[in-house]
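S.K.: The following file, structure_1.cif, comprises mmCIF, C-alpha atoms:
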```cif
data_work
#
loop_
_atom_site.group_PDB
_atom_site.id
_atom_site.type_symbol
_atom_site.label_atom_id
_atom_site.label_comp_id
_atom_site.auth_asym_id
_atom_site.auth_seq_id
_atom_site.Cartn_x
_atom_site.Cartn_y
_atom_site.Cartn_z
ATOM 1 C CA MET A 1 -22.293 22.322 11.347
ATOM 2 C CA VAL A 2 -21.241 25.496 13.142
ATOM 3 C CA HIS A 3 -19.476 26.806 10.036
ATOM 4 C CA GLN A 4 -22.704 26.247 8.117
ATOM 5 C CA ALA A 5 -24.686 28.116 10.781
ATOM 6 C CA LEU A 6 -22.176 30.973 10.800
ATOM 7 C CA LEU A 7 -22.254 31.254 7.002
ATOM 8 C CA ILE A 8 -26.059 31.398 6.979
ATOM 9 C CA HIS A 9 -26.061 33.970 9.760
ATOM 10 C CA ARG A 10 -23.707 36.242 7.824
ATOM 11 C CA LEU A 11 -25.532 35.806 4.498
ATOM 12 C CA VAL A 12 -28.903 36.643 6.025
ATOM 13 C CA GLU A 13 -27.350 39.766 7.564
ATOM 14 C CA LEU A 14 -26.005 40.769 4.147
ATOM 15 C CA ARG A 15 -29.328 40.151 2.434
ATOM 16 C CA ARG A 16 -31.203 42.259 4.928
ATOM 17 C CA GLY A 17 -28.482 44.914 4.906
ATOM 18 C CA ASN A 18 -29.015 45.263 1.170
ATOM 19 C CA GLY A 19 -32.751 45.642 1.679
ATOM 20 C CA LEU A 20 -33.539 42.392 -0.152
ATOM 21 C CA THR A 21 -36.251 39.859 0.558
ATOM 22 C CA GLN A 22 -35.877 36.162 -0.150
ATOM 23 C CA GLU A 23 -38.253 36.562 -3.076
ATOM 24 C CA LYS A 24 -36.142 39.332 -4.645
ATOM 25 C CA VAL A 25 -32.937 37.346 -4.268
ATOM 26 C CA ALA A 26 -34.504 34.247 -5.797
ATOM 27 C CA ARG A 27 -35.807 36.217 -8.792
ATOM 28 C CA SER A 28 -32.471 37.967 -9.332
ATOM 29 C CA LEU A 29 -30.580 34.664 -9.428
ATOM 30 C CA GLU A 30 -33.338 32.773 -11.250
ATOM 31 C CA TRP A 31 -33.667 30.367 -8.365
ATOM 32 C CA SER A 32 -36.809 28.994 -6.837
ATOM 33 C CA HIS A 33 -37.839 30.561 -3.566
ATOM 34 C CA ALA A 34 -37.701 27.090 -2.009
ATOM 35 C CA LYS A 35 -34.027 26.726 -2.951
ATOM 36 C CA LEU A 36 -33.032 29.886 -1.104
ATOM 37 C CA MET A 37 -35.170 28.859 1.860
ATOM 38 C CA ARG A 38 -33.298 25.553 2.026
ATOM 39 C CA TYR A 39 -29.978 27.386 2.026
ATOM 40 C CA GLU A 40 -31.005 29.922 4.665
ATOM 41 C CA GLY A 41 -32.753 27.229 6.699
ATOM 42 C CA GLY A 42 -29.549 25.206 6.895
ATOM 43 C CA THR A 43 -31.035 22.066 5.353
ATOM 44 C CA GLN A 44 -28.759 22.208 2.313
ATOM 45 C CA VAL A 45 -25.076 23.099 2.109
ATOM 46 C CA LEU A 46 -24.230 25.927 -0.292
ATOM 47 C CA PRO A 47 -22.137 24.856 -3.295
ATOM 48 C CA LYS A 48 -19.264 27.229 -4.114
ATOM 49 C CA ALA A 49 -20.920 28.525 -7.289
ATOM 50 C CA ASP A 50 -24.158 29.426 -5.525
ATOM 51 C CA LEU A 51 -22.287 31.039 -2.633
ATOM 52 C CA ASP A 52 -20.306 33.176 -5.077
ATOM 53 C CA ALA A 53 -23.546 34.183 -6.805
ATOM 54 C CA LEU A 54 -24.972 35.403 -3.495
ATOM 55 C CA LEU A 55 -21.773 37.242 -2.580
ATOM 56 C CA ASP A 56 -21.816 38.962 -5.976
ATOM 57 C CA LEU A 57 -25.440 39.983 -5.531
ATOM 58 C CA TYR A 58 -24.662 41.315 -2.057
ATOM 59 C CA ARG A 59 -21.685 43.267 -3.474
ATOM 60 C CA VAL A 60 -18.959 41.632 -1.386
ATOM 61 C CA LEU A 61 -17.442 39.194 -3.912
ATOM 62 C CA GLY A 62 -13.706 39.850 -4.154
ATOM 63 C CA THR A 63 -13.610 41.869 -0.920
ATOM 64 C CA ALA A 64 -11.982 40.820 2.353
ATOM 65 C CA GLN A 65 -15.427 40.085 3.757
ATOM 66 C CA GLY A 66 -16.310 37.992 0.733
ATOM 67 C CA ARG A 67 -13.075 36.003 0.964
ATOM 68 C CA LYS A 68 -13.735 35.322 4.648
ATOM 69 C CA LEU A 69 -17.201 34.010 3.801
ATOM 70 C CA GLN A 70 -15.768 31.842 1.003
ATOM 71 C CA GLU A 71 -13.366 30.316 3.538
ATOM 72 C CA ILE A 72 -16.233 29.659 5.952
ATOM 73 C CA GLY A 73 -18.173 28.120 3.065
ATOM 74 C CA ARG A 74 -15.266 25.818 2.253
ATOM 75 C CA LYS A 75 -15.141 24.621 5.871
ATOM 76 C CA ALA A 76 -18.916 24.126 5.854
ATOM 77 C CA ARG A 77 -18.548 21.827 2.833
ATOM 78 C CA ASP A 78 -15.754 19.793 4.424
ATOM 79 C CA LYS A 79 -16.824 16.408 5.718
ATOM 80 C CA PRO A 80 -16.686 16.270 9.531
ATOM 81 C CA TRP A 81 -14.364 13.881 11.347
ATOM 82 C CA TRP A 82 -17.308 11.609 12.235
ATOM 83 C CA TYR A 83 -18.412 11.255 8.586
ATOM 84 C CA PRO A 84 -17.268 7.593 8.303
ATOM 85 C CA HIS A 85 -19.598 6.810 11.237
ATOM 86 C CA ARG A 86 -22.575 8.830 9.982
ATOM 87 C CA HIS A 87 -24.738 5.762 9.352
ATOM 88 C CA ILE A 88 -24.672 4.680 12.998
ATOM 89 C CA LEU A 89 -25.548 8.127 14.376
ATOM 90 C CA THR A 90 -29.087 9.413 14.607
ATOM 91 C CA THR A 91 -29.948 12.858 13.259
ATOM 92 C CA GLU A 92 -30.107 14.146 16.847
ATOM 93 C CA GLU A 93 -26.676 12.725 17.629
ATOM 94 C CA ARG A 94 -25.082 14.280 14.541
ATOM 95 C CA TYR A 95 -26.614 17.636 15.422
ATOM 96 C CA TYR A 96 -25.423 17.378 19.030
ATOM 97 C CA VAL A 97 -21.855 16.520 18.035
ATOM 98 C CA GLY A 98 -21.851 19.408 15.565
ATOM 99 C CA LEU A 99 -22.874 21.851 18.284
ATOM 100 C CA GLU A 100 -20.303 20.447 20.648
ATOM 101 C CA MET A 101 -17.430 20.660 18.203
ATOM 102 C CA GLY A 102 -18.077 24.327 17.407
ATOM 103 C CA ALA A 103 -18.994 25.689 20.824
ATOM 104 C CA ALA A 104 -16.808 28.192 22.656
ATOM 105 C CA ARG A 105 -18.413 27.264 25.978
ATOM 106 C CA ILE A 106 -20.330 24.178 27.104
ATOM 107 C CA ARG A 107 -22.456 24.155 30.254
ATOM 108 C CA GLN A 108 -24.066 20.849 31.090
ATOM 109 C CA CYS A 109 -26.308 19.601 33.883
ATOM 110 C CA ALA A 110 -26.186 15.800 34.228
ATOM 111 C CA PRO A 111 -28.613 14.375 36.813
ATOM 112 C CA THR A 112 -28.289 10.676 35.942
ATOM 113 C CA LEU A 113 -25.146 9.818 33.944
ATOM 114 C CA VAL A 114 -21.589 11.028 33.480
ATOM 115 C CA PRO A 115 -21.471 13.535 30.572
ATOM 116 C CA GLY A 116 -20.191 12.108 27.301
ATOM 117 C CA LEU A 117 -17.013 14.171 27.171
ATOM 118 C CA LEU A 118 -16.007 12.922 30.634
ATOM 119 C CA ARG A 119 -16.651 9.187 30.174
ATOM 120 C CA THR A 120 -14.086 6.435 30.117
ATOM 121 C CA ARG A 121 -14.202 3.930 27.292
ATOM 122 C CA ASP A 122 -15.506 1.156 29.559
ATOM 123 C CA TYR A 123 -18.290 3.355 30.948
ATOM 124 C CA ALA A 124 -19.280 4.431 27.437
ATOM 125 C CA HIS A 125 -19.264 0.825 26.261
ATOM 126 C CA ALA A 126 -21.643 -0.211 29.041
ATOM 127 C CA LEU A 127 -24.093 2.550 28.075
ATOM 128 C CA CYS A 128 -23.914 1.923 24.335
ATOM 129 C CA SER A 129 -24.413 -1.806 24.912
ATOM 130 C CA MET A 130 -27.614 -1.035 26.808
ATOM 131 C CA VAL A 131 -28.916 1.171 23.979
ATOM 132 C CA ASP A 132 -27.850 -1.031 21.066
ATOM 133 C CA PRO A 133 -26.787 -4.469 22.409
ATOM 134 C CA ASP A 134 -26.694 -6.186 19.025
ATOM 135 C CA GLY A 135 -25.507 -3.261 16.959
ATOM 136 C CA GLU A 136 -22.509 -1.045 16.349
ATOM 137 C CA VAL A 137 -21.380 -0.771 19.967
ATOM 138 C CA VAL A 138 -17.655 -0.526 19.317
ATOM 139 C CA ARG A 139 -18.130 2.090 16.567
ATOM 140 C CA LEU A 140 -20.447 4.134 18.792
ATOM 141 C CA VAL A 141 -17.798 4.099 21.498
ATOM 142 C CA ASP A 142 -15.177 5.051 18.902
ATOM 143 C CA VAL A 143 -17.252 8.131 18.054
ATOM 144 C CA LEU A 144 -17.427 9.061 21.729
ATOM 145 C CA MET A 145 -13.691 8.737 22.226
ATOM 146 C CA GLY A 146 -13.126 10.572 18.946
ATOM 147 C CA ARG A 147 -15.181 13.501 20.264
ATOM 148 C CA GLN A 148 -12.976 13.664 23.318
ATOM 149 C CA GLY A 149 -9.824 13.625 21.234
ATOM 150 C CA VAL A 150 -11.059 16.366 18.898
ATOM 151 C CA MET A 151 -12.107 18.502 21.852
ATOM 152 C CA LEU A 152 -8.667 18.270 23.457
ATOM 153 C CA THR A 153 -6.919 19.312 20.227
ATOM 154 C CA ARG A 154 -9.080 22.384 19.615
ATOM 155 C CA SER A 155 -7.351 25.718 20.084
ATOM 156 C CA PRO A 156 -8.467 27.260 22.253
ATOM 157 C CA VAL A 157 -10.112 24.399 24.114
ATOM 158 C CA PRO A 158 -13.725 25.368 24.877
ATOM 159 C CA GLU A 159 -14.628 26.338 28.410
ATOM 160 C CA GLN A 160 -16.509 23.434 29.984
ATOM 161 C CA VAL A 161 -18.670 23.570 33.109
ATOM 162 C CA TYR A 162 -20.418 20.448 34.373
ATOM 163 C CA VAL A 163 -22.931 20.050 37.200
ATOM 164 C CA LEU A 164 -23.574 16.454 38.281
ATOM 165 C CA ASP A 165 -26.046 15.096 40.781
ATOM 166 C CA GLU A 166 -24.415 12.943 43.459
ATOM 167 C CA ALA A 167 -26.601 10.079 42.196
ATOM 168 C CA VAL A 168 -24.310 9.929 39.141
ATOM 169 C CA LEU A 169 -21.424 8.986 41.438
ATOM 170 C CA ARG A 170 -23.441 6.300 43.220
ATOM 171 C CA ARG A 171 -24.829 4.586 40.117
ATOM 172 C CA VAL A 172 -22.590 1.609 39.357
ATOM 173 C CA VAL A 173 -22.583 1.603 35.571
ATOM 174 C CA GLY A 174 -21.139 -1.688 34.385
ATOM 175 C CA GLY A 175 -23.210 -3.687 36.843
ATOM 176 C CA PRO A 176 -22.256 -5.820 39.827
ATOM 177 C CA GLY A 177 -20.158 -8.041 37.586
ATOM 178 C CA ALA A 178 -17.805 -5.204 36.679
ATOM 179 C CA PRO A 179 -17.623 -2.670 39.550
ATOM 180 C CA GLY A 180 -14.133 -1.658 38.471
ATOM 181 C CA VAL A 181 -15.692 0.169 35.502
ATOM 182 C CA MET A 182 -17.267 2.694 37.864
ATOM 183 C CA VAL A 183 -14.198 3.001 40.076
ATOM 184 C CA ARG A 184 -12.070 3.896 37.086
ATOM 185 C CA GLN A 185 -14.737 6.345 35.915
ATOM 186 C CA LEU A 186 -14.678 8.110 39.266
ATOM 187 C CA HIS A 187 -10.893 8.353 39.190
ATOM 188 C CA HIS A 188 -11.157 9.753 35.671
ATOM 189 C CA LEU A 189 -13.564 12.455 36.871
ATOM 190 C CA VAL A 190 -11.053 13.475 39.522
ATOM 191 C CA GLU A 191 -8.341 13.749 36.873
ATOM 192 C CA ARG A 192 -10.563 15.725 34.469
ATOM 193 C CA SER A 193 -11.581 18.145 37.215
ATOM 194 C CA VAL A 194 -8.151 19.727 36.834
ATOM 195 C CA SER A 195 -8.942 20.998 33.315
ATOM 196 C CA VAL A 196 -12.736 21.479 33.423
ATOM 197 C CA GLN A 197 -15.107 22.957 35.987
ATOM 198 C CA LEU A 198 -16.824 20.047 37.711
ATOM 199 C CA ARG A 199 -19.402 20.648 40.440
ATOM 200 C CA ILE A 200 -21.460 18.099 42.374
ATOM 201 C CA ILE A 201 -24.922 18.657 43.845
ATOM 202 C CA PRO A 202 -24.964 16.619 47.093
ATOM 203 C CA GLU A 203 -27.928 14.497 48.095
ATOM 204 C CA GLU A 204 -28.732 16.779 51.019
ATOM 205 C CA ALA A 205 -29.415 19.634 48.582
ATOM 206 C CA GLY A 206 -32.736 17.943 47.854
ATOM 207 C CA LEU A 207 -34.745 18.621 44.724
ATOM 208 C CA HIS A 208 -33.201 20.864 42.093
ATOM 209 C CA PHE A 209 -33.941 22.037 38.555
ATOM 210 C CA GLY A 210 -31.799 19.316 37.016
ATOM 211 C CA VAL A 211 -33.973 16.448 38.247
ATOM 212 C CA LEU A 212 -36.538 17.454 35.611
ATOM 213 C CA GLY A 213 -34.077 16.372 32.925
ATOM 214 C CA GLY A 214 -30.520 16.905 31.782
ATOM 215 C CA PHE A 215 -29.664 19.871 29.609
ATOM 216 C CA THR A 216 -26.716 21.446 27.832
ATOM 217 C CA LEU A 217 -26.129 25.068 26.863
ATOM 218 C CA PHE A 218 -23.819 25.746 23.914
ATOM 219 C CA ASP A 219 -22.343 29.238 23.494
ATOM 220 C CA PHE A 220 -20.563 30.310 20.311
ATOM 221 C CA ASP A 221 -18.241 33.027 19.067
ATOM 222 C CA GLU A 222 -18.787 35.161 15.967
ATOM 223 C CA GLY A 223 -22.176 36.421 17.126
ATOM 224 C CA LEU A 224 -23.956 33.091 16.698
ATOM 225 C CA PRO A 225 -26.881 32.661 19.097
ATOM 226 C CA PRO A 226 -26.548 30.070 21.875
ATOM 227 C CA VAL A 227 -28.380 26.754 21.627
ATOM 228 C CA LEU A 228 -30.174 24.841 24.380
ATOM 229 C CA HIS A 229 -30.288 21.044 24.225
ATOM 230 C CA THR A 230 -32.694 19.304 26.619
ATOM 231 C CA GLU A 231 -33.462 15.709 27.563
ATOM 232 C CA HIS A 232 -36.764 14.913 29.246
ATOM 233 C CA ARG A 233 -38.561 11.577 29.571
ATOM 234 C CA GLY A 234 -36.402 10.033 26.885
ATOM 235 C CA ARG A 235 -36.991 12.859 24.411
ATOM 236 C CA VAL A 236 -34.381 15.285 23.173
ATOM 237 C CA ALA A 237 -34.929 18.762 21.779
ATOM 238 C CA ALA A 238 -32.901 21.778 20.725
ATOM 239 C CA SER A 239 -33.943 25.414 20.954
ATOM 240 C CA LYS A 240 -32.477 28.760 19.927
ATOM 241 C CA LYS A 241 -35.339 30.724 21.465
ATOM 242 C CA GLU A 242 -33.914 33.524 23.549
ATOM 243 C CA GLU A 243 -36.398 32.974 26.370
ATOM 244 C CA ASP A 244 -35.563 29.253 26.592
ATOM 245 C CA VAL A 245 -31.813 29.812 26.602
ATOM 246 C CA HIS A 246 -32.133 32.619 29.164
ATOM 247 C CA SER A 247 -34.374 30.574 31.462
ATOM 248 C CA TYR A 248 -32.092 27.535 31.474
ATOM 249 C CA GLY A 249 -29.009 29.721 31.765
ATOM 250 C CA GLU A 250 -30.406 31.304 34.920
ATOM 251 C CA ALA A 251 -31.322 27.865 36.270
ATOM 252 C CA PHE A 252 -27.775 26.627 35.624
ATOM 253 C CA ASP A 253 -26.324 29.630 37.445
ATOM 254 C CA ARG A 254 -28.597 28.949 40.436
ATOM 255 C CA LEU A 255 -27.410 25.345 40.563
ATOM 256 C CA ILE A 256 -23.798 26.541 40.660
ATOM 257 C CA GLU A 257 -24.382 29.319 43.184
ATOM 258 C CA LYS A 258 -27.010 27.822 45.491
ATOM 259 C CA GLN A 259 -26.889 24.028 45.457
ATOM 260 C CA ALA A 260 -23.640 22.636 44.060
ATOM 261 C CA LEU A 261 -20.520 22.176 46.142
ATOM 262 C CA ASP A 262 -17.509 24.276 45.249
ATOM 263 C CA ALA A 263 -14.793 22.687 43.115
ATOM 264 C CA PRO A 264 -12.520 21.390 45.952
ATOM 265 C CA ARG A 265 -15.403 19.837 47.892
ATOM 266 C CA SER A 266 -16.832 18.355 44.699
ATOM 267 C CA ARG A 267 -13.505 16.686 44.027
ATOM 268 C CA GLU A 268 -13.416 15.363 47.596
ATOM 269 C CA LEU A 269 -16.904 13.885 47.214
ATOM 270 C CA ILE A 270 -15.919 12.087 44.005
ATOM 271 C CA GLU A 271 -12.820 10.693 45.717
ATOM 272 C CA HIS A 272 -14.981 9.589 48.662
ATOM 273 C CA HIS A 273 -17.287 7.585 46.408
ATOM 274 C CA ALA A 274 -14.314 6.023 44.614
ATOM 275 C CA ARG A 275 -12.801 4.881 47.932
ATOM 276 C CA ARG A 276 -16.189 3.666 49.167
ATOM 277 C CA LEU A 277 -16.743 1.525 46.085
ATOM 278 C CA GLN A 278 -13.205 0.151 46.170
ATOM 279 C CA ASP A 279 -13.629 -0.794 49.825
ATOM 280 C CA ARG A 280 -16.909 -2.513 49.033
ATOM 281 C CA ILE A 281 -15.241 -4.510 46.256
ATOM 282 C CA ARG A 282 -12.397 -5.577 48.515
ATOM 283 C CA THR A 283 -14.827 -6.567 51.288
ATOM 284 C CA SER A 284 -16.897 -8.724 48.970
ATOM 285 C CA SER A 285 -13.787 -10.241 47.354
ATOM 286 C CA PRO A 286 -10.973 -10.513 49.918
ATOM 287 C CA ASP A 287 -8.499 -11.800 47.334
ATOM 288 C CA THR A 288 -9.117 -8.901 44.938
ATOM 289 C CA ASP A 289 -6.030 -6.742 44.481
ATOM 290 C CA GLY A 290 -5.928 -3.034 43.724
ATOM 291 C CA GLU A 291 -6.027 -3.469 39.951
ATOM 292 C CA GLU A 292 -9.085 -5.731 39.976
ATOM 293 C CA ALA A 293 -10.845 -3.279 42.284
ATOM 294 C CA GLY A 294 -10.262 -0.503 39.832
ATOM 295 C CA GLY A 295 -7.516 1.147 41.848
ATOM 296 C CA HIS A 296 -4.567 3.037 40.409
ATOM 297 C CA THR A 297 -1.618 0.856 39.457
ATOM 298 C CA ASN A 298 1.442 1.156 37.247
ATOM 299 C CA GLY A 299 2.597 4.509 38.541
ATOM 300 C CA GLY A 300 -0.865 5.988 38.955
ATOM 301 C CA GLU A 301 -2.323 5.036 35.587
ATOM 302 C CA VAL A 302 -5.927 3.869 35.507
ATOM 303 C CA PRO A 303 -5.975 0.191 34.435
ATOM 304 C CA VAL A 304 -8.112 -0.793 31.486
ATOM 305 C CA ASP A 305 -10.679 -3.552 31.935
ATOM 306 C CA GLU A 306 -9.930 -5.844 28.995
ATOM 307 C CA GLU A 307 -13.168 -7.804 29.538
ATOM 308 C CA ALA A 308 -15.498 -4.825 29.864
ATOM 309 C CA GLU A 309 -16.208 -4.670 26.132
ATOM 310 C CA GLN A 310 -17.551 -8.224 26.262
ATOM 311 C CA ARG A 311 -20.105 -7.440 28.955
ATOM 312 C CA THR A 312 -23.597 -6.400 27.966
ATOM 313 C CA PRO A 313 -26.259 -5.298 30.475
ATOM 314 C CA GLY A 314 -29.284 -7.525 30.699
ATOM 315 C CA TRP A 315 -31.754 -5.204 28.974
ATOM 316 C CA PRO A 316 -31.765 -3.043 25.832
ATOM 317 C CA LEU A 317 -33.168 0.447 25.489
ATOM 318 C CA PRO A 318 -34.717 1.596 22.200
ATOM 319 C CA ARG A 319 -32.314 3.618 20.072
ATOM 320 C CA GLY A 320 -33.408 7.201 19.586
ATOM 321 C CA THR A 321 -34.806 7.758 23.081
ATOM 322 C CA GLY A 322 -31.881 10.056 23.712
ATOM 323 C CA PRO A 323 -28.305 10.406 22.500
ATOM 324 C CA PRO A 324 -25.948 7.972 24.283
ATOM 325 C CA LEU A 325 -23.316 10.601 23.488
ATOM 326 C CA SER A 326 -24.595 13.515 25.605
#
```
What is this file in structure tokens?

M.R.:
Amino acid sequence: MVHQALLIHRLVELRRGNGLTQEKVARSLEWSHAKLMRYEGGTQVLPKADLDALLDLYRVLGTAQGRKLQEIGRKARDKPWWYPHRHILTTEERYYVGLEMGAARIRQCAPTLVPGLLRTRDYAHALCSMVDPDGEVVRLVDVLMGRQGVMLTRSPVPEQVYVLDEAVLRRVVGGPGAPGVMVRQLHHLVERSVSVQLRIIPEEAGLHFGVLGGFTLFDFDEGLPPVLHTEHRGRVAASKKEEDVHSYGEAFDRLIEKQALDAPRSRELIEHHARRLQDRIRTSSPDTDGEEAGGHTNGGEVPVDEEAEQRTPGWPLPRGTGPPLS
């Protein structure tokens, strides 16, 4: 998706640099105006022949610039890694994953749930089961874990900054029947905090901008404008408006500077909640050993709950009220 956006961005620059309107380009190539609008609007991928026709009209075909745009066009036409799962993803989810996979920097505020790129498989399964209890839960989780794998293999790996409300650490996703799911998730956050910036807003900070709804800011290289993704009252939206991106960017900076704990204290708070939950599990089940409580075993590895994928929360949420991936 990002290659498509970059290609469009460059082609529009070339058209304007040549003093051409959409109408003039369409007439010159004997296209309908609507066809060019679809290309420049990003709703239709440019076939190679049509891309070459535009490059020729803009006088860059055969040049280094033209060859670079042809390469970008080829990548835009390639099927993404999630293509086999496209039928189980909503339009919003496909768009979100596309932004994520092309971003140079990701800044996310998560007031209620662990961000998708930081979730364990068990945690993700519990959420997807709630959204789609009778559907493609395992395949949805596969997409989530696939995103994480792709992100880790990107070079360079995008900068990632996450701000979580302390409520995220307290919420026992997985339910009382599987508290180990949350313990392992907390341990995973501690481990991930080594490679990403992870900041926690403590309860005593009171109200903050993030309680109005989670949001993510995607920044890109190559001169592409940043994109804001918001979630509010079960609705998701994306915006490239400069004023929206600027406003949320400033709000994110204030959360980091004024209300979130620094990185070491954030890590300590996560560890505190992990110990607290483990102690509660052991107290309620005296015979429970470290593995059942979600503790680290086998040389420090986080054990996998083999039964977690069979558990489904007691209520479904309508699909489409918000990406389970974000």

S.K.: Which residues fall under the PyMOL selection byres ((chain A and resi 157-174) around 8) in this file, as a PyMOL selection string?

M.R.: chain A and resi 103-115+122-123+126-127+151-156+175-179+181-182+186+196-203+255-256+260+270+273+308+311+313

S.K.: Can you pull out the residues contacting A:Val227? Cut-off 6 Å, using all atoms listed in the file, and skip same-chain residues under 4 positions away; I want them as an NGL selection string.

M.R.: :A and (217-218 or 239-240)

S.K.: With all atoms listed in the file as the atoms that count, which of A:Arg67, A:Arg192, A:Arg184, A:Arg139 lies nearest to A:Leu118?

M.R.: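 Looking only at the distances to A:Leu118, the closest residue turns out to be A:Arg192.
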
S.K.: Closest to A:Gly19 among A:Val45, A:Ala124, A:Leu57, A:Leu36, using all atoms listed in the file?

M.R.: A:Leu57

S.K.: As a PyMOL selection string, please: the residues near A:Gly98 (cut-off 9 Å, all atoms listed in the file, same-chain neighbours under 5 positions excluded).

M.R.: chain A and resi 1-2+80+93+103

S.K.: One decimal, Å: what's the distance from atom CA of A:His9 over to atom CA of A:Asp50, could you say?

M.R.: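 Rounded to one decimal, the two atoms are 16.1 Å apart.
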
S.K.: Which residue, A:Pro226, A:Pro264, A:Pro84, A:Gly17, has the smallest gap to A:Glu100 when you use all atoms listed in the file?

M.R.: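 Checking each candidate against A:Glu100, we get A:Pro226 as the closest.
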
S.K.: When distances are computed from all atoms listed in the file, which of A:Leu55, A:Leu99, A:Ala49, A:Ala64 shows the smallest separation from A:Leu224?

M.R.: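 Under the stated criterion, the closest residue is A:Leu99.
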
S.K.: So how far away is atom CA of A:Ala237 from atom CA of A:Leu7, in Å?

M.R.: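 Distance reported for this atom pair: 23.1 Å.
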